[in-house]
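Okay, target_8.csv is below, CSV, C-alpha atoms:
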chain,number,residue,atom,x,y,z
A,1,MET,CA,-15.3,1.7,-38.0
A,2,GLN,CA,-11.9,2.9,-38.8
A,3,LEU,CA,-8.5,2.9,-37.2
A,4,ILE,CA,-6.3,5.9,-37.9
A,5,ALA,CA,-2.7,6.3,-36.9
A,6,GLU,CA,-1.2,9.6,-37.6
A,7,ASN,CA,2.5,10.5,-37.6
A,8,LEU,CA,3.3,8.1,-34.7
A,9,ALA,CA,6.7,8.3,-33.0
A,10,ALA,CA,8.1,6.4,-30.0
A,11,ASP,CA,11.1,6.6,-27.8
A,12,ARG,CA,12.8,4.1,-25.5
A,13,GLY,CA,14.9,6.1,-23.1
A,14,ASP,CA,16.6,8.7,-25.2
A,15,THR,CA,16.5,6.7,-28.4
A,16,ARG,CA,14.0,7.4,-31.1
A,17,ILE,CA,12.8,4.0,-32.2
A,18,PHE,CA,10.6,5.2,-35.1
A,19,GLU,CA,8.8,8.3,-36.3
A,20,GLY,CA,6.4,9.4,-38.9
A,21,VAL,CA,4.3,6.2,-39.0
A,22,SER,CA,0.9,6.8,-40.5
A,23,PHE,CA,-1.8,4.3,-41.7
A,24,SER,CA,-5.5,3.8,-41.6
A,25,LEU,CA,-7.4,0.6,-41.6
A,26,ARG,CA,-11.1,-0.2,-42.0
A,27,ALA,CA,-13.1,-3.0,-40.6
A,28,GLY,CA,-12.3,-6.1,-42.5
A,29,GLU,CA,-8.8,-5.0,-43.3
A,30,GLY,CA,-5.5,-6.4,-42.0
A,31,MET,CA,-2.0,-5.2,-41.9
A,32,THR,CA,1.3,-6.9,-41.3
A,33,ILE,CA,4.3,-5.1,-39.9
A,34,THR,CA,7.6,-6.3,-41.2
A,35,GLY,CA,11.2,-5.3,-40.9
A,36,PRO,CA,14.6,-6.4,-39.4
A,37,ASN,CA,15.1,-7.1,-35.7
A,38,GLY,CA,15.2,-4.0,-33.7
A,39,ALA,CA,13.4,-1.9,-36.2
A,40,GLY,CA,10.6,-1.1,-33.8
A,41,LYS,CA,7.8,-3.6,-34.7
A,42,SER,CA,7.1,-4.7,-31.2
A,43,THR,CA,7.4,-1.1,-29.9
A,44,LEU,CA,4.8,0.0,-32.4
A,45,MET,CA,2.5,-2.9,-31.2
A,46,ARG,CA,3.0,-1.7,-27.6
A,47,VAL,CA,2.2,1.9,-28.6
A,48,LEU,CA,-1.0,0.7,-30.4
A,49,ALA,CA,-2.0,-1.4,-27.4
A,50,GLY,CA,-1.5,1.6,-25.1
A,51,PHE,CA,1.3,0.2,-23.0
A,52,LEU,CA,3.7,2.9,-24.2
A,53,PRO,CA,2.6,6.4,-24.8
A,54,PRO,CA,3.6,7.7,-28.3
A,55,SER,CA,6.2,10.5,-28.2
A,56,ALA,CA,4.3,12.2,-31.1
A,57,GLY,CA,1.2,11.6,-33.1
A,58,SER,CA,-1.9,9.7,-32.2
A,59,VAL,CA,-3.8,6.6,-32.8
A,60,LYS,CA,-7.6,6.6,-32.8
A,61,ILE,CA,-10.6,4.5,-33.7
A,62,SER,CA,-14.0,5.8,-34.5
A,63,GLY,CA,-16.2,5.1,-31.6
A,64,GLY,CA,-14.2,4.5,-28.5
A,65,HIS,CA,-10.7,3.7,-27.2
A,66,LEU,CA,-8.5,1.3,-29.1
A,67,ALA,CA,-7.6,-0.7,-26.0
A,68,GLU,CA,-11.2,-1.4,-25.1
A,69,HIS,CA,-11.8,-3.2,-28.4
A,70,SER,CA,-8.5,-4.9,-28.7
A,71,HIS,CA,-7.0,-8.3,-28.1
A,72,TYR,CA,-3.2,-8.2,-27.6
A,73,LEU,CA,-1.2,-11.3,-28.2
A,74,GLY,CA,2.3,-10.5,-27.2
A,75,PRO,CA,5.6,-12.5,-27.1
A,76,ASN,CA,4.5,-14.0,-23.8
A,77,ASN,CA,1.4,-16.1,-23.5
A,78,GLY,CA,-0.1,-14.6,-20.4
A,79,MET,CA,-1.0,-18.0,-18.8
A,80,LYS,CA,-0.1,-19.4,-15.4
A,81,PRO,CA,1.8,-22.7,-15.5
A,82,ASN,CA,0.3,-24.0,-12.3
A,83,LEU,CA,-3.3,-23.7,-13.5
A,84,SER,CA,-5.1,-25.9,-16.0
A,85,VAL,CA,-5.7,-24.6,-19.5
A,86,LYS,CA,-9.4,-24.3,-18.6
A,87,GLU,CA,-8.7,-22.3,-15.5
A,88,ASN,CA,-6.5,-20.0,-17.4
A,89,LEU,CA,-9.0,-19.4,-20.2
A,90,ARG,CA,-11.9,-19.1,-17.8
A,91,PHE,CA,-9.9,-16.5,-15.8
A,92,TRP,CA,-9.2,-14.3,-18.9
A,93,GLN,CA,-12.8,-14.7,-20.1
A,94,ASP,CA,-13.9,-13.2,-16.8
A,95,TYR,CA,-11.2,-10.5,-16.8
A,96,TYR,CA,-12.0,-9.4,-20.4
A,97,GLY,CA,-15.7,-9.0,-19.4
A,98,GLY,CA,-16.9,-12.3,-20.8
A,99,GLY,CA,-19.3,-12.8,-23.7
A,100,GLY,CA,-17.3,-15.1,-26.0
A,101,ARG,CA,-17.0,-18.8,-26.5
A,102,THR,CA,-16.5,-21.3,-23.7
A,103,PRO,CA,-13.0,-22.4,-23.1
A,104,LEU,CA,-13.7,-25.7,-24.7
A,105,GLU,CA,-15.1,-24.1,-27.9
A,106,ALA,CA,-12.1,-21.7,-28.0
A,107,LEU,CA,-9.7,-24.6,-27.7
A,108,GLU,CA,-11.5,-26.5,-30.5
A,109,GLU,CA,-10.9,-23.5,-32.7
A,110,VAL,CA,-7.1,-24.1,-32.4
A,111,GLY,CA,-7.5,-27.9,-32.5
A,112,LEU,CA,-6.7,-28.4,-28.8
A,113,GLY,CA,-10.0,-29.5,-27.3
A,114,HIS,CA,-8.3,-32.5,-25.6
A,115,VAL,CA,-6.0,-30.4,-23.4
A,116,LEU,CA,-8.8,-28.7,-21.5
A,117,ASP,CA,-7.9,-30.0,-18.0
A,118,VAL,CA,-4.1,-30.3,-18.6
A,119,PRO,CA,-1.9,-28.0,-16.5
A,120,PHE,CA,-0.6,-25.3,-18.8
A,121,SER,CA,3.0,-26.1,-17.8
A,122,ASP,CA,2.6,-29.6,-19.3
A,123,LEU,CA,2.0,-28.3,-22.8
A,124,SER,CA,4.7,-28.0,-25.6
A,125,THR,CA,5.8,-24.6,-26.8
A,126,GLY,CA,3.6,-24.7,-29.8
A,127,GLN,CA,0.6,-25.9,-27.8
A,128,LYS,CA,1.1,-23.1,-25.3
A,129,ARG,CA,1.0,-20.6,-28.1
A,130,ARG,CA,-2.2,-22.1,-29.5
A,131,VAL,CA,-3.8,-21.8,-26.1
A,132,ALA,CA,-2.8,-18.2,-26.1
A,133,ILE,CA,-4.4,-17.9,-29.5
A,134,ALA,CA,-7.6,-19.5,-28.1
A,135,ARG,CA,-7.7,-16.5,-25.7
A,136,LEU,CA,-8.7,-14.4,-28.7
A,137,PHE,CA,-12.0,-16.3,-28.8
A,138,VAL,CA,-13.1,-16.4,-25.1
A,139,SER,CA,-14.1,-12.7,-25.3
A,140,PRO,CA,-15.1,-11.0,-28.5
A,141,ARG,CA,-12.9,-8.0,-29.5
A,142,TYR,CA,-12.8,-7.0,-33.1
A,143,ILE,CA,-9.3,-5.6,-33.2
A,144,TRP,CA,-6.5,-8.1,-32.9
A,145,LEU,CA,-3.0,-6.8,-32.1
A,146,LEU,CA,-0.6,-9.7,-32.7
A,147,ASP,CA,3.1,-9.5,-31.9
A,148,GLU,CA,5.0,-12.4,-33.5
A,149,PRO,CA,1.9,-14.6,-33.2
A,150,THR,CA,3.3,-17.6,-34.9
A,151,THR,CA,6.4,-18.1,-32.7
A,152,GLY,CA,6.7,-21.8,-32.0
A,153,LEU,CA,3.9,-22.9,-34.3
A,154,ASP,CA,4.4,-25.7,-36.8
A,155,ASN,CA,3.3,-25.5,-40.4
A,156,SER,CA,-0.1,-26.9,-40.0
A,157,SER,CA,-0.8,-24.7,-37.0
A,158,GLU,CA,0.4,-21.6,-39.0
A,159,HIS,CA,-2.1,-22.5,-41.7
A,160,MET,CA,-4.9,-23.0,-39.1
A,161,PHE,CA,-4.1,-19.6,-37.6
A,162,THR,CA,-4.1,-18.0,-41.1
A,163,ARG,CA,-7.6,-19.4,-41.6
A,164,LEU,CA,-8.7,-17.9,-38.3
A,165,ILE,CA,-7.3,-14.5,-39.3
A,166,VAL,CA,-9.1,-14.6,-42.7
A,167,ARG,CA,-12.4,-15.6,-41.0
A,168,HIS,CA,-11.9,-12.8,-38.4
A,169,LEU,CA,-11.4,-10.2,-41.2
A,170,ARG,CA,-14.4,-11.5,-43.2
A,171,THR,CA,-16.6,-11.0,-40.1
A,172,GLY,CA,-15.6,-7.4,-39.9
A,173,GLY,CA,-12.6,-7.7,-37.7
A,174,LEU,CA,-9.3,-5.8,-37.9
A,175,VAL,CA,-5.9,-7.4,-37.6
A,176,ILE,CA,-2.5,-5.8,-37.1
A,177,ALA,CA,0.3,-8.4,-36.9
A,178,ALA,CA,4.0,-7.8,-36.5
A,179,THR,CA,5.5,-10.9,-38.1
A,180,HIS,CA,8.4,-12.0,-40.3
A,181,LEU,CA,6.2,-14.7,-41.8
A,182,SER,CA,3.9,-14.2,-44.7
A,183,LEU,CA,0.5,-14.9,-43.2
A,184,GLY,CA,-0.7,-15.8,-46.6
A,185,VAL,CA,-3.7,-13.6,-46.3
A,186,ASP,CA,-4.6,-11.7,-49.4
A,187,ALA,CA,-5.7,-8.1,-49.1
A,188,MET,CA,-3.4,-7.5,-46.2
A,189,LYS,CA,-1.6,-4.2,-46.2
A,190,ASN,CA,2.0,-4.2,-45.3
A,191,LEU,CA,4.0,-1.7,-43.2
A,192,ARG,CA,7.7,-2.1,-43.7
A,193,PHE,CA,10.3,-0.8,-41.2
A,194,ALA,CA,13.6,0.1,-42.7
A,195,GLU,CA,17.0,-0.9,-41.3
A,196,PRO,CA,17.5,0.9,-38.0
A,197,ASN,CA,20.3,3.5,-37.4
A,198,LYS,CA,20.0,4.8,-41.0
B,1,MET,CA,-13.0,-9.3,-9.7
B,2,THR,CA,-13.6,-12.4,-7.7
B,3,ALA,CA,-11.9,-14.3,-10.5
B,4,LEU,CA,-8.7,-12.5,-9.9
B,5,LEU,CA,-8.9,-13.1,-6.1
B,6,ILE,CA,-9.7,-16.8,-6.5
B,7,ARG,CA,-6.9,-17.3,-9.1
B,8,ASP,CA,-4.3,-15.6,-7.0
B,9,VAL,CA,-5.3,-17.4,-3.8
B,10,LYS,CA,-5.1,-20.7,-5.8
B,11,LEU,CA,-1.7,-19.8,-7.2
B,12,GLY,CA,-0.5,-18.8,-3.7
B,13,LEU,CA,-1.6,-22.1,-2.2
B,14,ARG,CA,-0.4,-24.4,-4.9
B,15,ALA,CA,3.1,-25.7,-5.1
B,16,GLY,CA,5.6,-22.9,-5.6
B,17,GLY,CA,3.4,-20.2,-4.3
B,18,GLY,CA,5.7,-19.4,-1.4
B,19,ALA,CA,3.1,-19.4,1.4
B,20,LEU,CA,5.1,-21.9,3.4
B,21,ILE,CA,8.4,-20.0,3.1
B,22,GLY,CA,7.0,-17.1,5.2
B,23,ILE,CA,5.7,-19.5,7.9
B,24,LEU,CA,9.1,-21.3,8.1
B,25,PHE,CA,11.0,-18.1,8.4
B,26,TYR,CA,8.6,-16.9,11.1
B,27,LEU,CA,9.1,-20.2,12.9
B,28,ALA,CA,12.9,-19.9,12.6
B,29,VAL,CA,12.9,-16.4,14.2
B,30,ALA,CA,10.7,-17.6,17.1
B,31,ALA,CA,12.6,-20.8,17.6
B,32,VAL,CA,16.0,-19.3,17.6
B,33,THR,CA,15.3,-16.4,19.9
B,34,PRO,CA,15.1,-18.4,23.2
B,35,PHE,CA,18.5,-19.8,22.5
B,36,ALA,CA,20.0,-16.3,22.1
B,37,MET,CA,18.2,-14.9,25.1
B,38,GLY,CA,19.2,-17.6,27.6
B,39,PRO,CA,17.0,-19.4,30.1
B,40,ASP,CA,15.3,-16.4,31.6
B,41,LEU,CA,11.6,-17.3,31.1
B,42,ASN,CA,10.3,-14.0,32.4
B,43,LEU,CA,12.4,-12.0,30.0
B,44,LEU,CA,11.3,-14.2,27.2
B,45,ALA,CA,7.6,-13.7,28.1
B,46,LYS,CA,8.2,-10.0,28.3
B,47,ILE,CA,9.8,-9.5,24.9
B,48,GLY,CA,7.8,-12.3,23.2
B,49,PRO,CA,5.3,-10.1,21.5
B,50,ALA,CA,8.1,-7.9,20.1
B,51,ILE,CA,10.0,-10.9,18.8
B,52,LEU,CA,6.8,-12.3,17.1
B,53,TRP,CA,6.1,-8.9,15.5
B,54,ILE,CA,9.7,-8.6,14.1
B,55,GLY,CA,9.5,-12.2,12.8
B,56,ALA,CA,6.1,-11.7,11.2
B,57,LEU,CA,7.1,-8.3,9.7
B,58,LEU,CA,10.3,-9.8,8.1
B,59,ALA,CA,8.4,-12.9,7.0
B,60,SER,CA,5.8,-10.6,5.3
B,61,LEU,CA,8.6,-8.9,3.3
B,62,LEU,CA,9.7,-12.3,1.9
B,63,GLY,CA,8.4,-12.9,-1.6
B,64,LEU,CA,6.8,-9.5,-1.9
B,65,GLU,CA,9.0,-8.6,-5.0
B,66,ARG,CA,7.3,-11.5,-6.9
B,67,LEU,CA,3.8,-9.9,-6.4
B,68,PHE,CA,3.8,-8.4,-9.9
B,69,GLN,CA,7.0,-9.7,-11.3
B,70,ILE,CA,5.5,-13.1,-12.2
B,71,ASP,CA,2.6,-11.3,-14.0
B,72,ARG,CA,5.1,-9.2,-15.9
B,73,GLU,CA,7.2,-12.2,-17.0
B,74,ASP,CA,4.4,-14.3,-18.3
B,75,GLY,CA,2.7,-11.4,-20.0
B,76,SER,CA,-0.4,-11.2,-17.7
B,77,LEU,CA,0.5,-7.7,-16.6
B,78,ASP,CA,0.2,-6.4,-20.2
B,79,LEU,CA,-3.3,-7.9,-20.5
B,80,MET,CA,-4.2,-6.3,-17.1
B,81,VAL,CA,-3.0,-2.9,-18.4
B,82,LEU,CA,-5.0,-3.5,-21.7
B,83,ASN,CA,-8.2,-4.2,-19.7
B,84,ARG,CA,-7.8,-1.3,-17.3
B,85,HIS,CA,-11.1,0.2,-18.6
B,86,ILE,CA,-12.8,-2.9,-17.2
B,87,MET,CA,-10.8,-3.2,-14.0
B,88,PRO,CA,-8.7,-0.1,-13.1
B,89,LEU,CA,-5.1,-1.2,-12.3
B,90,SER,CA,-5.2,0.2,-8.7
B,91,PHE,CA,-8.3,-2.0,-8.1
B,92,ALA,CA,-6.5,-5.0,-9.5
B,93,VAL,CA,-3.6,-4.3,-7.3
B,94,PHE,CA,-5.9,-4.1,-4.3
B,95,ILE,CA,-7.3,-7.5,-5.1
B,96,LYS,CA,-3.9,-9.0,-5.6
B,97,CYS,CA,-2.8,-7.6,-2.3
B,98,VAL,CA,-5.8,-9.1,-0.5
B,99,ALA,CA,-5.0,-12.5,-2.2
B,100,HIS,CA,-1.3,-12.1,-1.2
B,101,TRP,CA,-2.2,-11.4,2.4
B,102,ILE,CA,-4.7,-14.3,2.6
B,103,THR,CA,-1.9,-16.7,1.4
B,104,THR,CA,1.1,-15.2,3.3
B,105,GLY,CA,-0.1,-12.9,6.0
B,106,LEU,CA,-3.1,-14.8,7.4
B,107,PRO,CA,-1.1,-18.0,7.9
B,108,LEU,CA,1.4,-16.1,10.0
B,109,VAL,CA,-1.5,-14.9,12.3
B,110,ILE,CA,-2.8,-18.5,12.5
B,111,VAL,CA,0.5,-20.0,13.6
B,112,THR,CA,1.2,-17.2,16.1
B,113,PRO,CA,-0.4,-19.0,19.1
B,114,LEU,CA,1.9,-21.9,18.5
B,115,LEU,CA,5.0,-19.8,18.4
B,116,GLY,CA,3.8,-17.8,21.4
B,117,LEU,CA,4.0,-21.0,23.4
B,118,LEU,CA,7.7,-21.4,22.4
B,119,LEU,CA,8.3,-17.9,23.9
B,120,ASN,CA,6.6,-18.7,27.2
B,121,MET,CA,3.8,-16.1,26.6
B,122,ASP,CA,0.6,-16.4,28.4
B,123,GLY,CA,-2.8,-16.7,26.8
B,124,LYS,CA,-3.6,-13.0,27.0
B,125,ALA,CA,-0.3,-11.9,25.4
B,126,ILE,CA,-0.7,-14.5,22.6
B,127,GLY,CA,-4.3,-13.4,21.9
B,128,ALA,CA,-3.2,-9.7,21.8
B,129,THR,CA,-0.3,-10.5,19.5
B,130,ALA,CA,-2.4,-12.4,17.1
B,131,LEU,CA,-5.0,-9.7,17.1
B,132,THR,CA,-2.6,-6.9,16.4
B,133,LEU,CA,-0.9,-9.0,13.7
B,134,LEU,CA,-4.3,-9.6,12.1
B,135,ILE,CA,-5.0,-5.9,11.9
B,136,GLY,CA,-1.4,-4.7,11.2
B,137,THR,CA,0.0,-7.2,8.6
B,138,PRO,CA,-2.3,-6.1,5.8
B,139,ALA,CA,-0.7,-2.7,6.0
B,140,VAL,CA,2.7,-4.3,5.3
B,141,THR,CA,1.3,-5.9,2.1
B,142,PHE,CA,-0.3,-2.7,0.9
B,143,ILE,CA,2.9,-0.8,1.5
B,144,GLY,CA,5.0,-3.6,0.0
B,145,ALA,CA,2.8,-3.5,-3.2
B,146,VAL,CA,4.2,0.0,-3.9
B,147,GLY,CA,7.8,-1.2,-3.6
B,148,ALA,CA,7.0,-4.3,-5.7
B,149,ALA,CA,5.5,-2.2,-8.4
B,150,ILE,CA,8.4,0.2,-8.5
B,151,ALA,CA,10.9,-2.7,-8.7
B,152,VAL,CA,8.8,-4.8,-11.1
B,153,SER,CA,11.2,-4.5,-14.0
B,154,LEU,CA,14.4,-5.1,-12.0
B,155,PRO,CA,15.6,-8.7,-12.3
B,156,ARG,CA,16.8,-9.1,-8.7
B,157,GLY,CA,14.8,-6.5,-6.9
B,158,GLY,CA,14.0,-8.5,-3.7
B,159,LEU,CA,16.3,-6.7,-1.3
B,160,LEU,CA,15.6,-3.3,-2.9
B,161,VAL,CA,11.9,-3.8,-2.3
B,162,SER,CA,12.5,-4.5,1.4
B,163,VAL,CA,14.9,-1.5,1.8
B,164,VAL,CA,12.5,0.9,0.0
B,165,ILE,CA,9.5,0.0,2.1
B,166,LEU,CA,11.1,-0.6,5.5
B,167,PRO,CA,10.9,3.1,6.6
B,168,PHE,CA,7.2,3.0,5.9
B,169,VAL,CA,6.4,-0.2,7.8
B,170,ILE,CA,8.3,0.9,10.9
B,171,PRO,CA,5.2,2.8,12.2
B,172,VAL,CA,3.2,-0.4,11.8
B,173,LEU,CA,5.7,-2.2,13.9
B,174,ILE,CA,5.8,0.5,16.6
B,175,PHE,CA,2.0,0.7,17.0
B,176,GLY,CA,1.5,-3.0,16.7
B,177,VAL,CA,3.9,-3.8,19.5
B,178,MET,CA,2.7,-0.8,21.5
B,179,ALA,CA,-0.9,-2.1,21.3
B,180,THR,CA,0.1,-5.6,22.2
B,181,PHE,CA,1.9,-4.3,25.4
B,182,GLY,CA,-1.1,-2.1,26.1
B,183,ALA,CA,-3.3,-5.2,26.2
B,184,VAL,CA,-1.0,-7.1,28.5
B,185,VAL,CA,0.7,-4.6,30.8
B,186,ASP,CA,-1.5,-2.6,33.3
B,187,GLY,CA,-1.4,1.1,32.8
B,188,ALA,CA,0.0,1.0,29.2
B,189,PRO,CA,-2.2,2.5,26.5
B,190,PHE,CA,-4.1,0.1,24.4
B,191,LYS,CA,-6.9,1.8,22.6
B,192,ALA,CA,-4.9,4.7,21.0
B,193,PRO,CA,-2.1,2.5,19.4
B,194,MET,CA,-4.7,0.0,18.3
B,195,LEU,CA,-6.7,2.6,16.6
B,196,LEU,CA,-3.6,4.1,15.0
B,197,LEU,CA,-2.6,0.6,13.8
B,198,ALA,CA,-6.1,0.1,12.2
B,199,ALA,CA,-5.8,3.6,10.7
B,200,LEU,CA,-2.5,2.7,9.1
B,201,THR,CA,-3.9,-0.3,7.5
B,202,LEU,CA,-6.9,1.6,6.1
B,203,PHE,CA,-4.8,4.5,5.0
B,204,PHE,CA,-2.3,2.3,3.1
B,205,ALA,CA,-5.2,0.1,1.7
B,206,VAL,CA,-6.2,3.2,-0.3
B,207,LEU,CA,-2.8,4.8,-1.0
B,208,GLY,CA,-0.8,1.7,-1.7
B,209,PRO,CA,-2.8,0.2,-4.5
B,210,PHE,CA,-3.3,3.7,-6.0
B,211,ALA,CA,0.5,4.4,-6.1
B,212,ALA,CA,1.3,0.8,-7.2
B,213,GLY,CA,-1.3,1.0,-10.0
B,214,TYR,CA,0.3,4.2,-11.2
B,215,ALA,CA,3.8,2.7,-11.1
B,216,LEU,CA,2.7,-0.4,-13.0
B,217,LYS,CA,0.9,1.6,-15.7
B,218,ASN,CA,4.1,3.4,-16.4
B,219,ALA,CA,6.3,0.3,-16.2
B,220,GLY,CA,5.3,-0.7,-19.7
B,221,ASP,CA,8.7,-0.1,-21.2
Could you render the structure as structure tokens?
Amino acid sequence: MQLIAENLAADRGDTRIFEGVSFSLRAGEGMTITGPNGAGKSTLMRVLAGFLPPSAGSVKISGGHLAEHSHYLGPNNGMKPNLSVKENLRFWQDYYGGGGRTPLEALEEVGLGHVLDVPFSDLSTGQKRRVAIARLFVSPRYIWLLDEPTTGLDNSSEHMFTRLIVRHLRTGGLVIAATHLSLGVDAMKNLRFAEPNK
Amino acid sequence: MTALLIRDVKLGLRAGGGALIGILFYLAVAAVTPFAMGPDLNLLAKIGPAILWIGALLASLLGLERLFQIDREDGSLDLMVLNRHIMPLSFAVFIKCVAHWITTGLPLVIVTPLLGLLLNMDGKAIGATALTLLIGTPAVTFIGAVGAAIAVSLPRGGLLVSVVILPFVIPVLIFGVMATFGAVVDGAPFKAPMLLLAALTLFFAVLGPFAAGYALKNAGD
């Protein structure tokens, strides 16, 4: 299993955000994407997830389409405030085609087993983020596309998330994360975007 | 599939879902009309079905722009696009439309008999209006989905959605009212406009989700 991005470029409107991005990752490898604000990190994540067609180049995985094997954790959590945490996770489990942990097991991964029946709107910012992270476990997908995954997390939650990423890589997963923070994971590649507007 | 339907119905019925707003607007139209028309009960009974249709149509347009906007704002739309290999976007749109109609369109049909009494309509006219609304209002939702999808990234697209889809819902209004009069007035055609109304709903049930799904897929910035 290999992910290969060749010579990717993306535009927003008439503006070229980035070009000439190439990398390849094998199962068990991770990559962080760093760079200043506005350099195109999120745009690259959106191209990888298939939300935005690349203006040039291609991204492929051996054996199927990237999106079909991917989890995408974007800047927004993708949860409904009026529903309970359990209802939210159960819904996404179903929508993703099921097959993963139960909502309770997924919540225990992020140390939030006690909020199962709490309305999502009652959680704190960091807790909401951790529930969004729990979504990665309700349906197994081996590629994780993470866009600023640690926003709103405190120190210990960041460490917990780092451990989850390491475990995912050890079990043959593949992680691409756009983040300013060092995830503290050894053997992560790094793709650095330069300052925009040359 | 049923998960999306159940979730959206739940969201529509829980607080903040906006199901009640449409009913209140519909009630306001039906309650105000008699005051404007004066005390002519026969006139009121005659134009009653048309008033109810106008009220239900405008009430159905309320809140349409939120159909996909909420999903876009909380990030759910991205995840729906990501999983389009499991559930094609146009199919997801179809289900969301059905859920939206159950929570906003169906209640309008249910309160129609009550509002018909306010307009001095007889039983037959009330039944005919409720029946045509039952068959016709889904078309408004399916057409509205296209406008909602096009305006999904606009911050205050509410009025725009209504203006964009209004020309397309006018045939629904025409045949809906025509079929209602056909059922009440002797000699007026009933079967033809009723079938055309049903055809409009079926036609837009296919075309609307397809077009809206395409618009949403390309709304990903």
Residues of chain A within 8 Å of chain B: nearest atom pair and distance (Å, one decimal) for each, counting only C-alpha atoms, sorted by chain and number, as a Markdown table?
| residue | atom | partner | partner_atom | distance |
| --- | --- | --- | --- | --- |
| A:Arg12 | CA | B:Asp221 | CA | 7.3 |
| A:Ala49 | CA | B:Leu82 | CA | 6.8 |
| A:Gly50 | CA | B:Leu82 | CA | 7.1 |
| A:Phe51 | CA | B:Gly220 | CA | 5.3 |
| A:Leu52 | CA | B:Gly220 | CA | 6.0 |
| A:Ala67 | CA | B:Leu82 | CA | 5.8 |
| A:Glu68 | CA | B:His85 | CA | 6.7 |
| A:Ser70 | CA | B:Leu82 | CA | 8.0 |
| A:Tyr72 | CA | B:Leu79 | CA | 7.1 |
| A:Gly74 | CA | B:Gly75 | CA | 7.3 |
| A:Pro75 | CA | B:Gly75 | CA | 7.7 |
| A:Asn76 | CA | B:Gly75 | CA | 4.9 |
| A:Asn77 | CA | B:Gly75 | CA | 6.0 |
| A:Gly78 | CA | B:Gly75 | CA | 4.3 |
| A:Met79 | CA | B:Asp74 | CA | 6.6 |
| A:Lys80 | CA | B:Asp74 | CA | 7.4 |
| A:Asn82 | CA | B:Leu11 | CA | 6.9 |
| A:Leu83 | CA | B:Leu11 | CA | 7.6 |
| A:Phe91 | CA | B:Ala3 | CA | 6.1 |
| A:Asp94 | CA | B:Ala3 | CA | 6.7 |
| A:Tyr95 | CA | B:Ala3 | CA | 7.4 |
| A:Tyr96 | CA | B:Asn83 | CA | 6.5 |
| A:Gly97 | CA | B:Ile86 | CA | 7.1 |
Contacts of region 143-153 of chain A at 10 Å (only C-alpha atoms; same-chain gap of 2+ positions) as a ChimeraX atom specification:
/A:3,27-28,30-33,41-46,48-49,66-77,124-130,132-133,136,140-141,155-159,161-162,165,168-169,172-181,183
Rounded to one decimal, what separation in Å do you get between CA of Leu115 (chain B) and CA of Phe175 (chain B)?
20.8 Å
CA of Val140 (chain B) to CA of Gly63 (chain B), straight-line distance in Å
12.4 Å
Atom pair CA of Thr34 (chain A) + CA of Arg192 (chain A), distance 4.9 Å
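Using only C-alpha atoms, the shortest contact distance between Phe193 (chain A) and any of A:Arg26, A:Glu19, A:Asn7, A:Pro36 is found at A:Pro36.
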Please list, as a ChimeraX atom specification, the residues that have an atom at most 9 Å away from (12.3, -11.7, 11.2) in the coordinates of this file, counting all atoms listed in the file.
/B:25-26,28-30,51-60
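Closest approach to Phe68 (chain B) from the set B:Leu196, B:Leu89, B:Ala149, B:Leu27 is made by B:Ala149, with distances taken over only C-alpha atoms.
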I'd like to know which of A:Glu109, A:Ala39, A:Lys60, A:Glu29 is closest to Leu8 (chain A), using only C-alpha atoms.
A:Lys60
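Residue nearest Phe203 (chain B) within the list B:Pro49, B:Gly136, B:Gly157, B:Gly182: B:Gly136 [criterion: smallest interatomic distance, all atoms listed in the file].
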Quick one: residues within 9 Å of Gly158 (chain B), only C-alpha atoms counted, chain neighbours fewer than 2 positions away excluded, as a count of residues only?
15
